[in-house]
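The structure appears right after this line, and notes come after that.
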Amino acid sequence: MKTAIGLDLGGTFIKAGLVTDEGTVRARVELPTRAEDNDRDVVLDQMRTAVDRLREHAPPSGLAGIGIGTPGVVDSRGVVYESPNLPDWDNLPLRDIFSSEYRVPVVVENDVNSIAWGEFLFGAGRGSRSMVCLTLGTGIGGGVVSNGRLLRGAEFSAIEIGHTTIDYRGPRCKCGNIGCIEAFAGKDAIVARATAAISQGRKTILSDLCGGDTSRMTPKMLYEAAGRGDAVAREVWEDVGVCLGALCTTLVNLFNPEKIVIGGGISGAGDFLFQPIRRTVAERAFRNMSAMVSIVPAGLGTDTGIISGAALVFQQ
Ligand SMILES: [Zn+2]
């Protein structure tokens, strides 16, 4: 059995673990990223500390490698670019730094691409050959596995599914494009739908849940309200689900996946979200392709980032 270290680099925490090639986590470490120190060497040292602690638990046969999921755009040589939440995390040869220090194979991948691969190998995508993974949160991310391979572009690995235009006359997105799915179904857009309903005078328990202060509204309050039968909350999820269903229709028509795996905090809305997504795909996508796709919740849970990081090592 092979064992690898998976490291999930977040803006707040570094989560790392020793993971077997069956996807079992044998040891875990969590450290603050210390991005607020505004010094990239501090962040790199935190990563080294995490790796060093895990190496103490490595089997005598040694490590198969280290897999790192990082925010930002990653090129084919494991150099990271454009990661706004980490200090000076631009033009950083992360793969070479770690492979020269630890003398094991190191794989660096964009964090969402990494999750797509982890779900494919060990999570809800297991058993499929072609799969799309979406993560729903503040932003919308995604990765595509086609015929057993993670899809990459000419040079840079990030597949910016969240910035797919679903309405060419729609609202301006933070990325500069018009009508991206993220501008309709990202966290802020979801909350904005609910606050708009309240300001129109609609009666909803959401007003109580946020204590009368709509700036405190969260998607979690919207699941809770929907679960209690609140009409406004259910309408919001229905509408967001149709938007995501329109995106998934495009993904089905483009990639003919066997599975679309959906994770991230917003996916906690469960069937309030999944039902309109599935219905919209069934109504709109090409019939043969929509008939074979399963749209399912992600399967790796709280260890997603760790398992997915290690999965990068097991891809060869
Ligand atoms: Zn955008």
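Please note that chains go A, B, ... in the order of the structure tokens, that every chain numbers its residues from 1, and that ligands are numbered from 1 in the order shown.
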- Task: Enumerate residues in contact with ligand 1: an atom-to-atom distance of at most 6 Å, counting only C-alpha atoms and all ligand atoms. Format the result as a list of chain:residue names.
- Result: A:His163, A:Cys173, A:Lys174, A:Cys175, A:Asn177, A:Cys180
- Query: Tell me, which residues of region 14-108 of chain A carry DSSP alpha helix (DSSP H), written as a list in words?
  - Reply: Arg40, Asp41, Val42, Val43, Leu44, Asp45, Gln46, Met47, Arg48, Thr49, Ala50, Val51, Asp52, Arg53, Leu54, Arg55, Leu94, Arg95, Asp96, Ile97, Phe98, Ser99, Ser100, Glu101 and Tyr102 of chain A
As a compact mmCIF listing (two decimals) with N, CA, C and O atoms, in the first residue's frame, please: the residues near region 233-245 of chain A (cut-off 8 Å, only C-alpha atoms, same-chain neighbours under 6 positions excluded).
```
# COMPACT_ATOMS: atom_id res chain seq x y z
N ILE A 166 -24.10 32.68 -18.20
CA ILE A 166 -25.40 32.05 -18.44
C ILE A 166 -26.42 33.08 -18.93
O ILE A 166 -27.52 32.73 -19.31
N ILE A 181 -22.31 32.63 -14.01
CA ILE A 181 -23.13 31.87 -13.06
C ILE A 181 -22.85 32.32 -11.62
O ILE A 181 -23.76 32.36 -10.79
N PHE A 184 -25.05 34.89 -10.28
CA PHE A 184 -26.42 34.45 -10.02
C PHE A 184 -26.52 33.48 -8.85
O PHE A 184 -27.53 33.42 -8.16
N ALA A 185 -25.50 32.66 -8.67
CA ALA A 185 -25.62 31.56 -7.71
C ALA A 185 -24.46 31.47 -6.73
O ALA A 185 -24.35 30.50 -5.99
N ILE A 190 -27.12 34.71 -3.77
CA ILE A 190 -28.20 33.95 -3.12
C ILE A 190 -28.81 34.79 -2.00
O ILE A 190 -30.03 34.95 -1.89
N ARG A 193 -30.97 37.71 -3.15
CA ARG A 193 -32.35 37.38 -3.55
C ARG A 193 -33.28 37.44 -2.34
O ARG A 193 -34.41 37.93 -2.43
N ALA A 194 -32.80 36.90 -1.22
CA ALA A 194 -33.64 36.87 -0.02
C ALA A 194 -33.85 38.27 0.54
O ALA A 194 -34.97 38.64 0.91
N THR A 204 -41.71 36.49 5.56
CA THR A 204 -40.80 35.33 5.62
C THR A 204 -40.17 35.23 6.99
O THR A 204 -39.88 36.26 7.63
N LEU A 206 -37.30 34.47 7.45
CA LEU A 206 -35.90 34.89 7.32
C LEU A 206 -35.63 36.18 8.08
O LEU A 206 -34.54 36.39 8.61
N LEU A 222 -31.09 30.31 5.02
CA LEU A 222 -32.00 29.98 3.92
C LEU A 222 -32.32 28.49 3.86
O LEU A 222 -33.42 28.11 3.48
N TYR A 223 -31.36 27.61 4.25
CA TYR A 223 -31.73 26.18 4.27
C TYR A 223 -32.70 25.94 5.39
O TYR A 223 -33.64 25.17 5.27
N ALA A 225 -34.81 27.98 6.83
CA ALA A 225 -36.14 28.50 6.52
C ALA A 225 -36.86 27.60 5.51
O ALA A 225 -38.05 27.30 5.65
N ALA A 226 -36.11 27.13 4.50
CA ALA A 226 -36.73 26.25 3.50
C ALA A 226 -37.22 24.97 4.16
O ALA A 226 -38.31 24.47 3.87
N ALA A 269 -27.83 22.84 1.03
CA ALA A 269 -29.27 23.06 0.83
C ALA A 269 -29.96 21.78 0.35
O ALA A 269 -31.19 21.71 0.34
N PHE A 272 -33.54 20.91 -1.86
CA PHE A 272 -34.10 22.21 -2.28
C PHE A 272 -33.33 22.74 -3.48
O PHE A 272 -33.86 23.46 -4.31
N LEU A 273 -32.06 22.37 -3.56
CA LEU A 273 -31.20 22.81 -4.65
C LEU A 273 -31.07 21.73 -5.73
O LEU A 273 -31.15 22.01 -6.93
N PHE A 274 -30.87 20.48 -5.30
CA PHE A 274 -30.60 19.41 -6.27
C PHE A 274 -31.82 19.11 -7.14
O PHE A 274 -31.67 18.79 -8.32
N GLN A 275 -33.03 19.20 -6.58
CA GLN A 275 -34.20 18.87 -7.39
C GLN A 275 -34.36 19.80 -8.59
O GLN A 275 -34.51 19.32 -9.72
N PRO A 276 -34.33 21.14 -8.39
CA PRO A 276 -34.44 21.99 -9.59
C PRO A 276 -33.26 21.84 -10.54
O PRO A 276 -33.43 21.98 -11.76
N ILE A 277 -32.07 21.53 -10.01
CA ILE A 277 -30.92 21.31 -10.91
C ILE A 277 -31.21 20.09 -11.80
O ILE A 277 -31.10 20.15 -13.03
N ARG A 278 -31.61 18.98 -11.16
CA ARG A 278 -31.85 17.74 -11.93
C ARG A 278 -33.00 17.93 -12.93
O ARG A 278 -32.91 17.48 -14.08
N ARG A 279 -34.05 18.60 -12.48
CA ARG A 279 -35.21 18.79 -13.35
C ARG A 279 -34.83 19.63 -14.58
O ARG A 279 -35.21 19.31 -15.71
N THR A 280 -34.05 20.70 -14.33
CA THR A 280 -33.67 21.59 -15.43
C THR A 280 -32.80 20.85 -16.45
O THR A 280 -32.99 21.00 -17.66
N VAL A 281 -31.87 20.05 -15.96
CA VAL A 281 -31.01 19.28 -16.88
C VAL A 281 -31.87 18.30 -17.68
O VAL A 281 -31.70 18.16 -18.90
```
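These are the residues of region 181-264 of chain A assigned strand (DSSP E) by DSSP from backbone coordinates: A:Lys259, A:Ile260, A:Val261, A:Ile262, A:Gly263.
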- d(CA of Trp89 (chain A), CA of Asp39 (chain A)) in Å: 9.5 Å
- Long-range neighbours of region 57-65 of chain A as a list in words, 8 Å cut-off, only C-alpha atoms, 5 positions minimum in chain: Lys2, Thr3, Ala4, Ile5, Leu18, Ala27, Val104, Pro105, Val106, Val107, Ala310 and Val313 of chain A
- Message: Could you list, as a ChimeraX atom specification, every residue within 6 Å of Asp90 (chain A), counting only C-alpha atoms and ignoring same-chain residues fewer than 2 positions away?
- Response: /A:80-82,88,92
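Proximity ranking of A:Gly229, A:Gly67, A:Pro93, A:Gly118 relative to Asp303 (chain A) places A:Gly118 first, based on only C-alpha atoms.
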